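Scroll down for the structure; my scribbles are underneath it.
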Amino acid sequence: MILDPILDLFRGKAVTIPPMDGAFRPNTALEDAPVFARLAEADNLAPWKGAVIASSGNALYRLTEGAPPELLEVFEAPVSAIATSSAGEIAVALDDGRLFLDREEVPTGSAIRCITALAFASDGGLWLANGSAEHRASDWAADLMRKRASGSVWRRAPGKAAFEQRASGLAFPNGLLPVAGGVVFSESWRHRLMRLDGNGLRPVLEQIPGYPARLAPLAEGALLAVFAPRNRLIELVLQEDHYRHDMIAEVPRPYWIAPALASGKSFLEPLQCGGIRTMGVHKPWAPSRSWGLVVRLDKAMQPVESWHSRANGTRHGICSALAWEGRILAASKGGDLVAAMEAG
Amino acid sequence: MSSSVPFRERLQALRYNLIPDHLIGEILTKRWTDNAIPFLALVAVIAIFGSAIPGFFNPFSLQESTRQLGEFTIVVIGLTVVMLGGGIDLSVGSIFALATFAAVGCFFILDLPVWVAFLGALATGALCGAVNGYLVGFLRLRAFLTTLVTFIIGRAVFDILIVQYGAAVQTSFAQSDAWDFIGDGTVMGLSVPILSALVLAIVTHVVLTRARIGWHILAVGGSRRSAHNAGLKVRRTVFLTYVFSGLCSGAAGFLVACRLSGAGPGTGAGLEILALTAAVVGGNALGGGRGSVAKALMGAVIVLVMTNGLIRLGYGTGTNQMVLGLMLAVAVTIDIRWLKNRHKVLNEVYVAPVYLRMGDAQSAEPGSGTPYALNNRLSEAEPIGLGELEGPEDVILDRDDHLYCGTRHGEIVRFFAPDYKRSEVFAHVGGFPLGLAFDRAGNLLSCVGAMGLYRIAPDRTVTRLSAETKRSLTSVQDDARLRDPNDLDIAPDGRIYFTDSTKRYDAHEWTLDSIENRGTGRLLVYDPADGTTRTLLDGYRYTNGVCMAHDGKSLFFSESWACRIHRYWIEGPRAGTAECVIRDMPGYTDNINRASDGTYWMAWLGMRTPSFDLSLRHPAMRKRMTRRLPQDDWLFPNINTGGIVKFDETGRIIRTFGDLSGLSHPMVTSMREHKGELFIGGILNNRIGRYRIEGADPTWTGPDSYWGRT
């Protein structure tokens, strides 16, 4: 032990990531869950007038279990986030930065260009997560690999027209959960949940073994979608500036060493040693760029239960989850479906 | 290199391709590197005290120092042998003192001849050693406590004796020339103690490294239980080490008796600590089993120079003891840390990546319109041996249509025609049988990973043909040994051309070679006429498949990590030279075999990825990756997708097959055409695929193509 600091100079410090253990212990509950609906690139789920709606590409769909999705509306650009209020309003953000409230464009100001999440508070106020000041929502991988932290959280008070910035300098806020007196939001690139209220900004859950995405309320606690796992190789690349810059400049984005919503679809994607298919088997615990993970949080925002689709699964890239009629729906953007799990 | 390459990248290329980092790892694999730290300490100690003390190197002063050194070394060698056997001897100081008294008593009090005094000292030493040995070896008492007890008792006996007879020794008039010569004389400038120490060191070294008892001692010290299980007489061996240590202390006691012509209360006091420090500082493991006489010698010199030097510089006993204690502490720490972490250090420094800028490849993506475009055809292949087979790297068929392949269990398995449902183990070779070929007489030849080139006769007798070639002059690690023989083919004259893929990694670690990307692959030829093996070409990045051209005048071989196919000329004006026929493929090339239409099949064991290609231009990043990440997380070439490529003599690509589903044939390492079908193997796969080729000659077979129809 005493020689370790000296030896470290010669051997380099190990890159470590928090393990998937405790409440994050892997299982196949998400991979094995029944399909609620099949929808290409299912992204943001929300309840609306007694049904579930979901965004997918440029459009909004109404989902019914076991039936094909019903097209509600088509937009000019990919939908980056949606939210519904108890009064039945629908807020829709587009990848080009525009925001619509019940089909009417709402001016947001030039600072908001990357709307990753929207949420109505119980008082009718609208929270908005602006992932990055520089990139579009669909360019999230570039924002991560350029190690940006230019995101912000905004709020429009009930009855007001303008959004007011409540926090800034965030590393890709990517999910919102209005709580009494404020909001809890996920900060993807820092792997944590933050709480913003009258007492200021503070972390409520850190060291998440993945990149957290959207939050959804539960009767007691919340649901957190984790869209990709942490990976030691990606962490290393984040520290390897020369390689990273060359990769961003020269390698097509789907083939970057970066988190992904789905992986293994092209032979041009990076492969790690543990991911080699041996004797017909792809190890479920292999290092992977993509994973499926939904976490149930208690009232104090601490994890209590999780549903996984592991490295050898396909239901990866869970960008949002929703409690619905006693079950938990998870939208797998990488697996093109919405799965329905029983809550434990 | 073009000028568009950035300066930093050019610098990296120079840095990583010209400085041979890989030698560090290769040197560390050598056992003698254990001596490096004690040796550096030795040089440092001599340099420091040599420059701090005026007249340190003066011949007279050296002569006196070496007498003491000789005696001390003898004791240290004895203790080292005990430590090698897994024990410890704290009583060396007492035995030394008692032996001195025995010699002095015999000579001065009893007036006996010098040789009797010598035998008396040895006998005293042997007796004390035997007591230790009996208690520790046969009664299996704890070595530390036992020798501590004998140390105290021995010391007490000596103190009683010296008080009783000290005066008698001093007043004696006994004299002998032999006694004085041993104490004062020199032979060819060397004193008797130093000569004795040298002789003892050489003999002990030879016995430890070459003789049965020496090996037994090391085996017992390394692991008592294993030694016992191997049938060694553990107790007797331990006993003998203590007797040897006693004898050494006895001999040293006699020498000091001659030099000082007397014994006093201080004789041998603190010697056990000095000797123990010397043995450990020299690098002998306290746990036993690891160490050498050379280490004992280095340790003895370090400790003696240090203690004498400190005294001559005017430091007191306290300082001296303190320095000794610190040295012991440091030595023990380094010993334990090194022993525990040596393999980790080796793991971390062994992979030494080099720089390579791969050429741009044509796309292999489906729909790209290139001849390399992959498809899903191989997923239609019918499986053979699914779930039974593990790792059929190469496959081959004989004249009776039976199918043979190697497995990772070291077996050659035969599947019976026509349906290949039944199988048997044709022969057990060991290692990892890779490339296969039939010779004219119907013998099956195989390149066996980690072993060499083997022949399996039709009656299943296994014969080793070659396991080594000539060692290259600049090698640090012995590269005569074939480390990863991979594929072979046979020329019409019966000579066997085969590849040894890498000198750096064993067969089961072949994928690590892609991370390092150093060109150490060879093409070799075995001549059955005189049984010799020659290296034809060296320095390729993982030489792999070999295939004789249809006319038998040249051969094709693949260079996997460079994604190239080369042609080597056996006959004609360019005999003995190689040229690259296909370069910059989008996949990593593996085995090559003949096709029925006069062209060739070639397997892709994996596909290039843009991220891995880029990493080849960042050797420093790859180096840090191997040090900072567990191996499972390392970036690899994509060997989850492979394919089969057909090319003609000119290097033109005709067609490509793939399995993009990745379910049946994710990677392909070989394919063999036989009667209109293609049989597909994969080193990491669990099956052989059988694929019907449209338009292929339904009568063509490999044995006919090579050796004619029978």
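A note on labels: chains of the structure tokens are A, B, ... as shown, every chain counts residues from 1, and ligands are counted from 1 in their shown order.
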
6 Å contact set for stretch 69-86 of chain A, only C-alpha atoms, chain neighbours under 2 positions out, as a PyMOL selection string
chain A and resi 57-63+88-95+116-120

Give me, as a ChimeraX atom specification, all polymer residues having an atom no more than 12 Å from A:Ser132, counting only C-alpha atoms and skipping those fewer than 6 positions away in the same chain.
/A:95,97,111-117,138-144,146-153,168-174,187-189

Please, which residues of chain B lie no more than 6 Å from chain A when the count uses only C-alpha atoms, and can they be set out as a PDB file with C-alpha atoms, in the first residue's frame?
```
ATOM      1  CA  THR B 609     -14.012   0.111 -36.929  1.00  0.00           C
ATOM      2  CA  PRO B 610     -13.299   3.831 -37.294  1.00  0.00           C
ATOM      3  CA  ARG B 627      -2.806   0.313 -17.835  1.00  0.00           C
ATOM      4  CA  ARG B 628      -5.898   1.998 -16.519  1.00  0.00           C
ATOM      5  CA  ASP B 632     -12.615  -6.601 -20.465  1.00  0.00           C
ATOM      6  CA  ASP B 633     -13.025  -2.884 -21.102  1.00  0.00           C
ATOM      7  CA  TRP B 634     -10.273  -2.512 -23.709  1.00  0.00           C
ATOM      8  CA  LEU B 635     -11.164  -1.287 -27.172  1.00  0.00           C
ATOM      9  CA  PHE B 636     -10.797  -4.151 -29.647  1.00  0.00           C
ATOM     10  CA  ASN B 638     -14.704  -5.688 -34.094  1.00  0.00           C
ATOM     11  CA  ASN B 640     -18.007  -9.976 -33.680  1.00  0.00           C
ATOM     12  CA  LEU B 684     -14.638 -18.305 -31.115  1.00  0.00           C
ATOM     13  CA  ASN B 685     -17.623 -20.119 -32.559  1.00  0.00           C
ATOM     14  CA  ASN B 686     -19.531 -23.155 -31.385  1.00  0.00           C
TER      15      ASN B 686
END
```

Just list as an MDAnalysis selection string whatever in stretch 101-290 of chain A DSSP marks as strand (DSSP E).
chainID A and resid 101 104:106 115:120 126:130 151:156 164:170 173:179 182:187 192:197 200:205 210:217 222:229 271:272

Stretch 80-259 of chain A: residues DSSP assigns to helix (DSSP H, G or I), reported as an MDAnalysis selection string:
chainID A and resid 137:145 188:190 232:239 241:250 253:255

Just write the chosen residues, C-alpha atoms, as a PDB file, in the first residue's frame.
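Listed below is the output, again-v4.pdb:
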```pdb
ATOM      1  CA  ALA A 137     -31.147  17.987 -27.972  1.00  0.00           C
ATOM      2  CA  SER A 138     -30.384  15.384 -30.639  1.00  0.00           C
ATOM      3  CA  ASP A 139     -26.697  16.347 -30.465  1.00  0.00           C
ATOM      4  CA  TRP A 140     -26.433  15.167 -26.875  1.00  0.00           C
ATOM      5  CA  ALA A 141     -23.511  12.853 -27.657  1.00  0.00           C
ATOM      6  CA  ALA A 142     -21.455  15.770 -28.948  1.00  0.00           C
ATOM      7  CA  ASP A 143     -22.314  17.800 -25.859  1.00  0.00           C
ATOM      8  CA  LEU A 144     -21.037  14.971 -23.655  1.00  0.00           C
ATOM      9  CA  MET A 145     -17.916  14.224 -25.642  1.00  0.00           C
ATOM     10  CA  SER A 188     -26.861  13.565 -17.089  1.00  0.00           C
ATOM     11  CA  TRP A 189     -23.166  14.200 -17.525  1.00  0.00           C
ATOM     12  CA  ARG A 190     -22.651  14.428 -13.769  1.00  0.00           C
ATOM     13  CA  ARG A 232     -14.869   2.667 -18.249  1.00  0.00           C
ATOM     14  CA  LEU A 233     -13.681   3.006 -21.820  1.00  0.00           C
ATOM     15  CA  ILE A 234     -15.908   6.033 -22.370  1.00  0.00           C
ATOM     16  CA  GLU A 235     -14.652   7.546 -19.118  1.00  0.00           C
ATOM     17  CA  LEU A 236     -11.109   6.985 -20.352  1.00  0.00           C
ATOM     18  CA  VAL A 237     -11.860   8.580 -23.717  1.00  0.00           C
ATOM     19  CA  LEU A 238     -13.335  11.572 -21.883  1.00  0.00           C
ATOM     20  CA  GLN A 239      -9.900  12.024 -20.310  1.00  0.00           C
ATOM     21  CA  ASP A 241      -8.222  14.817 -25.100  1.00  0.00           C
ATOM     22  CA  HIS A 242      -6.202  14.205 -28.268  1.00  0.00           C
ATOM     23  CA  TYR A 243      -7.984  11.012 -29.121  1.00  0.00           C
ATOM     24  CA  ARG A 244     -11.373  12.533 -28.298  1.00  0.00           C
ATOM     25  CA  HIS A 245     -10.830  15.594 -30.471  1.00  0.00           C
ATOM     26  CA  ASP A 246      -9.689  13.461 -33.380  1.00  0.00           C
ATOM     27  CA  MET A 247     -12.641  11.138 -32.867  1.00  0.00           C
ATOM     28  CA  ILE A 248     -15.119  14.028 -32.894  1.00  0.00           C
ATOM     29  CA  ALA A 249     -13.473  15.428 -36.008  1.00  0.00           C
ATOM     30  CA  GLU A 250     -12.983  12.251 -38.020  1.00  0.00           C
ATOM     31  CA  ARG A 253     -21.018  10.013 -34.748  1.00  0.00           C
ATOM     32  CA  PRO A 254     -22.831   6.639 -34.588  1.00  0.00           C
ATOM     33  CA  TYR A 255     -19.426   4.975 -34.350  1.00  0.00           C
TER      34      TYR A 255
END
```

Using only C-alpha atoms, which protein or nucleic acid residues come within 8 Å of stretch 47-58 of chain B? Drop anything in the same chain fewer than 2 positions from it, and give the result as a tab-separated table (two decimals) with N, CA and C atoms, in the first residue's frame.
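The new file out.tsv reads:
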```
chain	number	residue	atom	x	y	z
B	43	VAL	N	25.70	-0.89	-5.83
B	43	VAL	CA	26.47	0.14	-6.52
B	43	VAL	C	26.39	1.46	-5.74
B	44	ALA	N	25.18	1.78	-5.27
B	44	ALA	CA	25.01	3.04	-4.56
B	44	ALA	C	25.81	3.06	-3.27
B	45	VAL	N	25.75	1.98	-2.52
B	45	VAL	CA	26.46	1.93	-1.24
B	45	VAL	C	27.96	2.07	-1.45
B	60	PHE	N	45.43	-2.06	1.22
B	60	PHE	CA	45.57	-2.65	2.55
B	60	PHE	C	44.22	-2.66	3.29
B	61	SER	N	43.57	-1.55	3.20
B	61	SER	CA	42.29	-1.47	3.91
B	61	SER	C	41.28	-2.43	3.29
B	62	LEU	N	41.35	-2.55	1.96
B	62	LEU	CA	40.47	-3.51	1.30
B	62	LEU	C	40.75	-4.92	1.77
B	305	VAL	N	29.83	-3.15	3.96
B	305	VAL	CA	30.36	-1.84	3.56
B	305	VAL	C	29.64	-0.74	4.34
B	306	MET	N	28.37	-0.92	4.48
B	306	MET	CA	27.55	0.08	5.16
B	306	MET	C	27.95	0.20	6.64
B	309	GLY	N	31.57	1.29	7.00
B	309	GLY	CA	31.67	2.67	6.53
B	309	GLY	C	31.17	3.64	7.57
B	312	ARG	N	33.63	3.98	10.31
B	312	ARG	CA	34.80	4.78	9.94
B	312	ARG	C	34.44	6.24	9.75
B	313	LEU	N	33.20	6.51	9.46
B	313	LEU	CA	32.80	7.92	9.37
B	313	LEU	C	32.51	8.50	10.75
```

Using only C-alpha atoms, which residues sit within 9 Å of stretch 668-680 of chain B once same-chain residues fewer than 2 positions away are excluded, as an MDAnalysis selection string?
chainID B and resid 378 381 392:397 401 403 435 545 589:596 601:606 639 641:644 658 665:666 682:685 687:702

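One finds atom CA of A:Trp154 at 7.5 Å from atom CA of A:Asn130.
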
Can you tell me which residues surround B:Thr577 at a distance of at most 10 Å, considering only C-alpha atoms, apart from same-chain residues fewer than 4 positions away, and format the answer as a PyMOL selection string?
chain B and resi 536-537+554+567-571+573

Neighbour list for A:Gly334 as a compact mmCIF listing (two decimals) with C-alpha atoms, in the first residue's frame, cut-off 6 Å, only C-alpha atoms, skip fewer than 3 positions in-chain:
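The result, written out as around-v5.txt:
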```
# COMPACT_ATOMS: atom_id res chain seq x y z
CA LEU A 261 -29.32 4.37 -27.10
CA ALA A 262 -28.72 1.07 -28.88
CA HIS A 316 -31.94 -0.16 -24.42
CA GLY A 317 -31.98 3.62 -24.27
```

Quote the spacing between atom CA of B:Val354 and atom CA of B:Ala620 in Å to one decimal place.
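Interatomic distance here is 8.6 Å.
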
Could you work out how far atom CA of B:Leu434 lies from atom CA of B:Gly449, giving the answer in Å with one decimal?
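It comes out at 6.3 Å.
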
Applying 9 Å and only C-alpha atoms, which residues near stretch 289-302 of chain A remain after dropping the ones on its own chain fewer than 3 positions away? List them as an NGL selection string.
:A and (23-24 or 26 or 30-31 or 184 or 193 or 204-205 or 210 or 218 or 220-231 or 234 or 257-263 or 270 or 305-318 or 320-321 or 330 or 332 or 334 or 343)

Export N, CA and C atoms of the chosen residues as a compact mmCIF listing (two decimals), in the first residue's frame?
```txt
# COMPACT_ATOMS: atom_id res chain seq x y z
N ALA A 23 -29.69 -1.32 -4.97
CA ALA A 23 -30.96 -1.17 -5.69
C ALA A 23 -30.75 -1.23 -7.20
N PHE A 24 -29.51 -1.01 -7.65
CA PHE A 24 -29.22 -1.03 -9.10
C PHE A 24 -28.83 -2.42 -9.58
N PRO A 26 -28.37 -5.69 -11.36
CA PRO A 26 -28.98 -6.02 -12.65
C PRO A 26 -29.96 -7.19 -12.58
N LEU A 30 -36.80 -5.78 -17.22
CA LEU A 30 -37.22 -4.91 -18.32
C LEU A 30 -37.20 -5.67 -19.64
N GLU A 31 -36.16 -6.50 -19.79
CA GLU A 31 -36.03 -7.26 -21.04
C GLU A 31 -37.19 -8.26 -21.18
N VAL A 184 -37.00 18.77 -8.83
CA VAL A 184 -35.85 17.86 -8.84
C VAL A 184 -35.53 17.60 -10.30
N LEU A 193 -28.92 13.52 -9.44
CA LEU A 193 -30.18 14.24 -9.37
C LEU A 193 -29.96 15.45 -8.46
N VAL A 204 -29.34 15.41 -4.62
CA VAL A 204 -30.12 14.50 -3.77
C VAL A 204 -29.73 13.04 -4.04
N LEU A 205 -29.19 12.76 -5.21
CA LEU A 205 -28.72 11.39 -5.50
C LEU A 205 -27.52 11.51 -6.42
N GLY A 210 -25.08 5.37 -14.41
CA GLY A 210 -25.50 5.55 -15.79
C GLY A 210 -25.76 7.02 -16.04
N LEU A 218 -44.43 9.38 -8.97
CA LEU A 218 -45.14 8.20 -8.47
C LEU A 218 -45.94 8.68 -7.26
N GLU A 220 -45.70 7.61 -4.33
CA GLU A 220 -44.70 7.75 -3.28
C GLU A 220 -43.34 7.71 -3.95
N GLY A 221 -42.75 8.85 -4.25
CA GLY A 221 -41.43 8.83 -4.86
C GLY A 221 -41.48 9.21 -6.33
N ALA A 222 -40.61 8.56 -7.12
CA ALA A 222 -40.52 8.94 -8.53
C ALA A 222 -39.92 7.80 -9.33
N LEU A 223 -40.04 7.93 -10.65
CA LEU A 223 -39.40 6.99 -11.57
C LEU A 223 -38.30 7.73 -12.31
N LEU A 224 -37.17 7.07 -12.45
CA LEU A 224 -36.06 7.69 -13.18
C LEU A 224 -35.67 6.76 -14.32
N ALA A 225 -35.63 7.33 -15.52
CA ALA A 225 -35.14 6.56 -16.66
C ALA A 225 -33.65 6.86 -16.80
N VAL A 226 -32.85 5.80 -16.97
CA VAL A 226 -31.40 5.97 -17.17
C VAL A 226 -31.13 5.53 -18.60
N PHE A 227 -30.69 6.45 -19.45
CA PHE A 227 -30.70 6.12 -20.88
C PHE A 227 -29.47 5.37 -21.37
N ALA A 228 -28.37 5.41 -20.60
CA ALA A 228 -27.17 4.66 -21.02
C ALA A 228 -26.35 4.36 -19.78
N PRO A 229 -25.54 3.29 -19.83
CA PRO A 229 -24.72 2.94 -18.67
C PRO A 229 -23.41 3.70 -18.68
N ARG A 230 -22.80 3.80 -17.54
CA ARG A 230 -21.43 4.32 -17.54
C ARG A 230 -20.52 3.20 -18.01
N ASN A 231 -19.42 3.58 -18.60
CA ASN A 231 -18.54 2.60 -19.22
C ASN A 231 -17.11 3.10 -19.03
N ILE A 234 -15.42 4.68 -22.05
CA ILE A 234 -15.91 6.03 -22.37
C ILE A 234 -15.32 7.04 -21.38
N ILE A 257 -16.84 6.29 -29.62
CA ILE A 257 -16.80 5.64 -28.31
C ILE A 257 -17.55 6.59 -27.39
N ALA A 258 -18.84 6.40 -27.30
CA ALA A 258 -19.71 7.30 -26.54
C ALA A 258 -20.93 6.48 -26.14
N PRO A 259 -21.67 6.95 -25.13
CA PRO A 259 -22.89 6.22 -24.78
C PRO A 259 -23.83 6.20 -25.98
N ALA A 260 -24.70 5.21 -26.03
CA ALA A 260 -25.62 5.10 -27.16
C ALA A 260 -26.96 4.61 -26.65
N LEU A 261 -27.98 4.84 -27.47
CA LEU A 261 -29.32 4.37 -27.10
C LEU A 261 -29.51 2.93 -27.51
N ALA A 262 -28.71 2.48 -28.46
CA ALA A 262 -28.72 1.07 -28.88
C ALA A 262 -27.34 0.78 -29.41
N SER A 263 -26.90 -0.46 -29.33
CA SER A 263 -25.56 -0.76 -29.84
C SER A 263 -25.57 -2.13 -30.49
N PRO A 270 -17.71 0.65 -32.10
CA PRO A 270 -16.58 0.13 -31.32
C PRO A 270 -16.97 -1.13 -30.55
N GLU A 305 -35.56 0.21 -6.27
CA GLU A 305 -35.86 -0.93 -7.14
C GLU A 305 -35.45 -0.54 -8.56
N SER A 306 -35.03 -1.53 -9.36
CA SER A 306 -34.69 -1.18 -10.74
C SER A 306 -35.05 -2.31 -11.69
N TRP A 307 -35.27 -1.95 -12.94
CA TRP A 307 -35.60 -2.90 -14.01
C TRP A 307 -34.54 -2.73 -15.09
N HIS A 308 -33.97 -3.84 -15.52
CA HIS A 308 -32.84 -3.75 -16.45
C HIS A 308 -33.08 -4.51 -17.75
N SER A 309 -32.42 -4.04 -18.78
CA SER A 309 -32.19 -4.82 -19.99
C SER A 309 -30.68 -4.77 -20.17
N ARG A 310 -30.01 -5.93 -20.05
CA ARG A 310 -28.55 -5.93 -19.92
C ARG A 310 -27.86 -5.91 -21.28
N ALA A 311 -26.54 -6.05 -21.24
CA ALA A 311 -25.75 -5.86 -22.48
C ALA A 311 -26.23 -6.75 -23.61
N ASN A 312 -26.72 -7.95 -23.29
CA ASN A 312 -27.16 -8.85 -24.36
C ASN A 312 -28.63 -8.64 -24.73
N GLY A 313 -29.27 -7.66 -24.10
CA GLY A 313 -30.67 -7.39 -24.39
C GLY A 313 -30.82 -6.37 -25.51
N THR A 314 -32.09 -6.02 -25.79
CA THR A 314 -32.32 -5.07 -26.89
C THR A 314 -33.10 -3.84 -26.42
N ARG A 315 -33.72 -3.91 -25.25
CA ARG A 315 -34.57 -2.78 -24.84
C ARG A 315 -33.71 -1.72 -24.16
N HIS A 316 -32.91 -1.12 -24.95
CA HIS A 316 -31.94 -0.16 -24.42
C HIS A 316 -32.41 1.27 -24.65
N GLY A 317 -31.70 2.20 -24.03
CA GLY A 317 -31.98 3.62 -24.27
C GLY A 317 -33.33 4.03 -23.75
N ILE A 318 -33.58 3.78 -22.46
CA ILE A 318 -34.87 4.18 -21.87
C ILE A 318 -34.80 5.67 -21.55
N SER A 320 -37.73 7.63 -21.00
CA SER A 320 -38.73 8.07 -20.03
C SER A 320 -39.54 6.87 -19.54
N ALA A 321 -40.10 7.04 -18.36
CA ALA A 321 -40.94 6.00 -17.76
C ALA A 321 -42.17 6.68 -17.21
N ALA A 330 -42.14 1.84 -19.75
CA ALA A 330 -40.80 2.34 -20.06
C ALA A 330 -40.67 2.46 -21.57
N SER A 332 -38.48 2.58 -24.68
CA SER A 332 -37.12 2.22 -25.10
C SER A 332 -36.86 2.85 -26.46
N GLY A 334 -34.01 2.97 -27.95
CA GLY A 334 -33.11 2.11 -28.74
C GLY A 334 -33.79 0.83 -29.17
N ALA A 343 -44.97 -3.26 -10.91
CA ALA A 343 -44.18 -2.65 -9.83
C ALA A 343 -44.04 -3.65 -8.70
```
